[in-house]
Each structure stands twice: as C-alpha cells, then as structure tokens.
Amino acid sequence: MLAMNNINLDLKSLGAHFKRERLAVGLTQAEVAHKAGLRRETIIQLESGASISANTLIQATSALGKTLAIMDRRLDYDRLDEVFNDDH
C-alpha cells in the first residue's frame with residue numbers, strides 16, 4: 001500500500017507541475033486539450049494527479065510546446081567532486 005501512496009504523490013506532483021507550465025505559457029485547459037486532441041476532462045484529470053496513459057501525457061506536454069525527459073536521480077560523484085573540490 002505504501003508503494004501506491006508514493007505513486008499517487010508523484011502523480012499529484014506531476015499534475016501540479018503540468019498546471020504551472022500550462023499557466024506559464026498562457027493556455028487554458030480547453031486550449032491544451034484542443035491542441036493535444038484530447039478532452040478538457042482529460043487535462044483536468046492530469047492536473048489533479050489521476051492516472052493517465054503515457055501517450056496522453058506526451059500529447060498534453062507537446063501541446064504546451066514542451067517535451068519529456070528521463071533524468072538520472074543518482075548522485076553524480078564526478079560533478080559533486082568538481083563543485084566541492086577546493087582546487088577548482
């Protein structure tokens with residue numbers, strides 16, 4: 001059950017980030033839905049943290065003029081050494 005809670009928290013965070021980006025580019029939910037070929041209700045679901053398909057997320061993100069990226073959350077020790085090393 002804990003894993004499900006973590007998934008829901010991540011989806012809520014994703015939805016909140018999506019909404020911030022939508023507002024930053026000045027689009028309404030209806031405008032994003034139209035550009036993405038989706039229903040406004042789908043955008044509402046995305047922004048509320050509901051589970052949506054990867055394809056829907058890609059379409060909606062593209063309608064904002066944005067793209068998705070997979071980022072490594074592991075520490076980059078070489079970069080940390082560069083930042084914290086006194087020799088630099």
# chains A, B, ... in the order shown; residues from 1 in each chain; ligands from 1
$ residues_around --residues "Thr42 of chain A" --least-positions-apart "4" --cutoff "9 Å" --atoms "only C-alpha atoms" --output "list in words"
Ala33, Leu38, Leu46, Glu47, Ile52 and Thr56 of chain A
$ residues_around --residues "segment 22-25 of chain A" --least-positions-apart "6" --cutoff "10 Å" --atoms "only C-alpha atoms" --output "PyMOL selection string"
chain A and resi 16+31-32+47+60-61+63-66
$ select_by_dssp --residues "chain A" --states "alpha helix (DSSP H)" --output "JSON, numbers by chain"
{"A": [2, 3, 4, 5, 6, 7, 8, 9, 10, 11, 12, 13, 14, 15, 16, 17, 18, 19, 20, 21, 22, 23, 24, 29, 30, 31, 32, 33, 34, 35, 36, 40, 41, 42, 43, 44, 45, 46, 47, 48, 54, 55, 56, 57, 58, 59, 60, 61, 62, 63, 77, 78, 79, 80, 81, 82, 83, 84]}
$ write_last_selection --atoms "C-alpha atoms" --output "PDB file, in the first residue's frame"
ATOM      1  CA  LEU A   2       2.874   2.387   0.690  1.00  0.00           C
ATOM      2  CA  ALA A   3       4.038   1.999  -2.905  1.00  0.00           C
ATOM      3  CA  MET A   4       0.613   3.073  -4.157  1.00  0.00           C
ATOM      4  CA  ASN A   5       0.748   6.163  -1.938  1.00  0.00           C
ATOM      5  CA  ASN A   6       4.152   7.087  -3.381  1.00  0.00           C
ATOM      6  CA  ILE A   7       2.826   6.670  -6.915  1.00  0.00           C
ATOM      7  CA  ASN A   8      -0.140   8.914  -6.123  1.00  0.00           C
ATOM      8  CA  LEU A   9       2.131  11.562  -4.635  1.00  0.00           C
ATOM      9  CA  ASP A  10       4.284  11.506  -7.745  1.00  0.00           C
ATOM     10  CA  LEU A  11       1.244  11.841  -9.998  1.00  0.00           C
ATOM     11  CA  LYS A  12      -0.071  14.757  -7.931  1.00  0.00           C
ATOM     12  CA  SER A  13       3.316  16.446  -8.231  1.00  0.00           C
ATOM     13  CA  LEU A  14       3.362  15.795 -11.982  1.00  0.00           C
ATOM     14  CA  GLY A  15      -0.118  17.280 -12.300  1.00  0.00           C
ATOM     15  CA  ALA A  16       0.869  20.365 -10.320  1.00  0.00           C
ATOM     16  CA  HIS A  17       3.986  20.872 -12.477  1.00  0.00           C
ATOM     17  CA  PHE A  18       1.940  20.440 -15.635  1.00  0.00           C
ATOM     18  CA  LYS A  19      -0.577  23.040 -14.451  1.00  0.00           C
ATOM     19  CA  ARG A  20       2.198  25.527 -13.612  1.00  0.00           C
ATOM     20  CA  GLU A  21       3.681  25.078 -17.085  1.00  0.00           C
ATOM     21  CA  ARG A  22       0.254  25.443 -18.712  1.00  0.00           C
ATOM     22  CA  LEU A  23      -0.374  28.690 -16.866  1.00  0.00           C
ATOM     23  CA  ALA A  24       3.144  29.943 -17.648  1.00  0.00           C
ATOM     24  CA  GLN A  29      -7.251  23.622 -20.101  1.00  0.00           C
ATOM     25  CA  ALA A  30      -9.595  23.726 -23.104  1.00  0.00           C
ATOM     26  CA  GLU A  31      -6.883  25.152 -25.359  1.00  0.00           C
ATOM     27  CA  VAL A  32      -4.381  22.480 -24.311  1.00  0.00           C
ATOM     28  CA  ALA A  33      -6.997  19.787 -24.832  1.00  0.00           C
ATOM     29  CA  HIS A  34      -7.824  21.087 -28.308  1.00  0.00           C
ATOM     30  CA  LYS A  35      -4.153  21.321 -29.353  1.00  0.00           C
ATOM     31  CA  ALA A  36      -3.485  17.824 -27.994  1.00  0.00           C
ATOM     32  CA  ARG A  40     -10.740  19.019 -21.355  1.00  0.00           C
ATOM     33  CA  GLU A  41     -11.742  16.450 -18.741  1.00  0.00           C
ATOM     34  CA  THR A  42      -8.513  14.574 -19.505  1.00  0.00           C
ATOM     35  CA  ILE A  43      -6.451  17.695 -18.794  1.00  0.00           C
ATOM     36  CA  ILE A  44      -8.375  18.159 -15.545  1.00  0.00           C
ATOM     37  CA  GLN A  45      -7.548  14.550 -14.615  1.00  0.00           C
ATOM     38  CA  LEU A  46      -3.871  15.049 -15.436  1.00  0.00           C
ATOM     39  CA  GLU A  47      -3.666  18.211 -13.340  1.00  0.00           C
ATOM     40  CA  SER A  48      -5.445  16.570 -10.411  1.00  0.00           C
ATOM     41  CA  ALA A  54       1.895   7.779 -21.231  1.00  0.00           C
ATOM     42  CA  ASN A  55       0.563   8.674 -24.680  1.00  0.00           C
ATOM     43  CA  THR A  56      -1.892  11.155 -23.154  1.00  0.00           C
ATOM     44  CA  LEU A  57       0.898  12.748 -21.129  1.00  0.00           C
ATOM     45  CA  ILE A  58       3.079  13.063 -24.225  1.00  0.00           C
ATOM     46  CA  GLN A  59       0.231  14.635 -26.236  1.00  0.00           C
ATOM     47  CA  ALA A  60      -0.621  17.119 -23.484  1.00  0.00           C
ATOM     48  CA  THR A  61       3.011  18.040 -22.877  1.00  0.00           C
ATOM     49  CA  SER A  62       3.588  18.544 -26.587  1.00  0.00           C
ATOM     50  CA  ALA A  63       0.568  20.870 -26.715  1.00  0.00           C
ATOM     51  CA  TYR A  77      30.122  11.891  -7.875  1.00  0.00           C
ATOM     52  CA  ASP A  78      32.357  13.434 -10.525  1.00  0.00           C
ATOM     53  CA  ARG A  79      30.133  16.524 -10.625  1.00  0.00           C
ATOM     54  CA  LEU A  80      29.999  16.700  -6.817  1.00  0.00           C
ATOM     55  CA  ASP A  81      33.792  16.486  -6.640  1.00  0.00           C
ATOM     56  CA  GLU A  82      34.045  19.313  -9.167  1.00  0.00           C
ATOM     57  CA  VAL A  83      31.637  21.505  -7.188  1.00  0.00           C
ATOM     58  CA  PHE A  84      33.114  20.866  -3.751  1.00  0.00           C
TER      59      PHE A  84
END
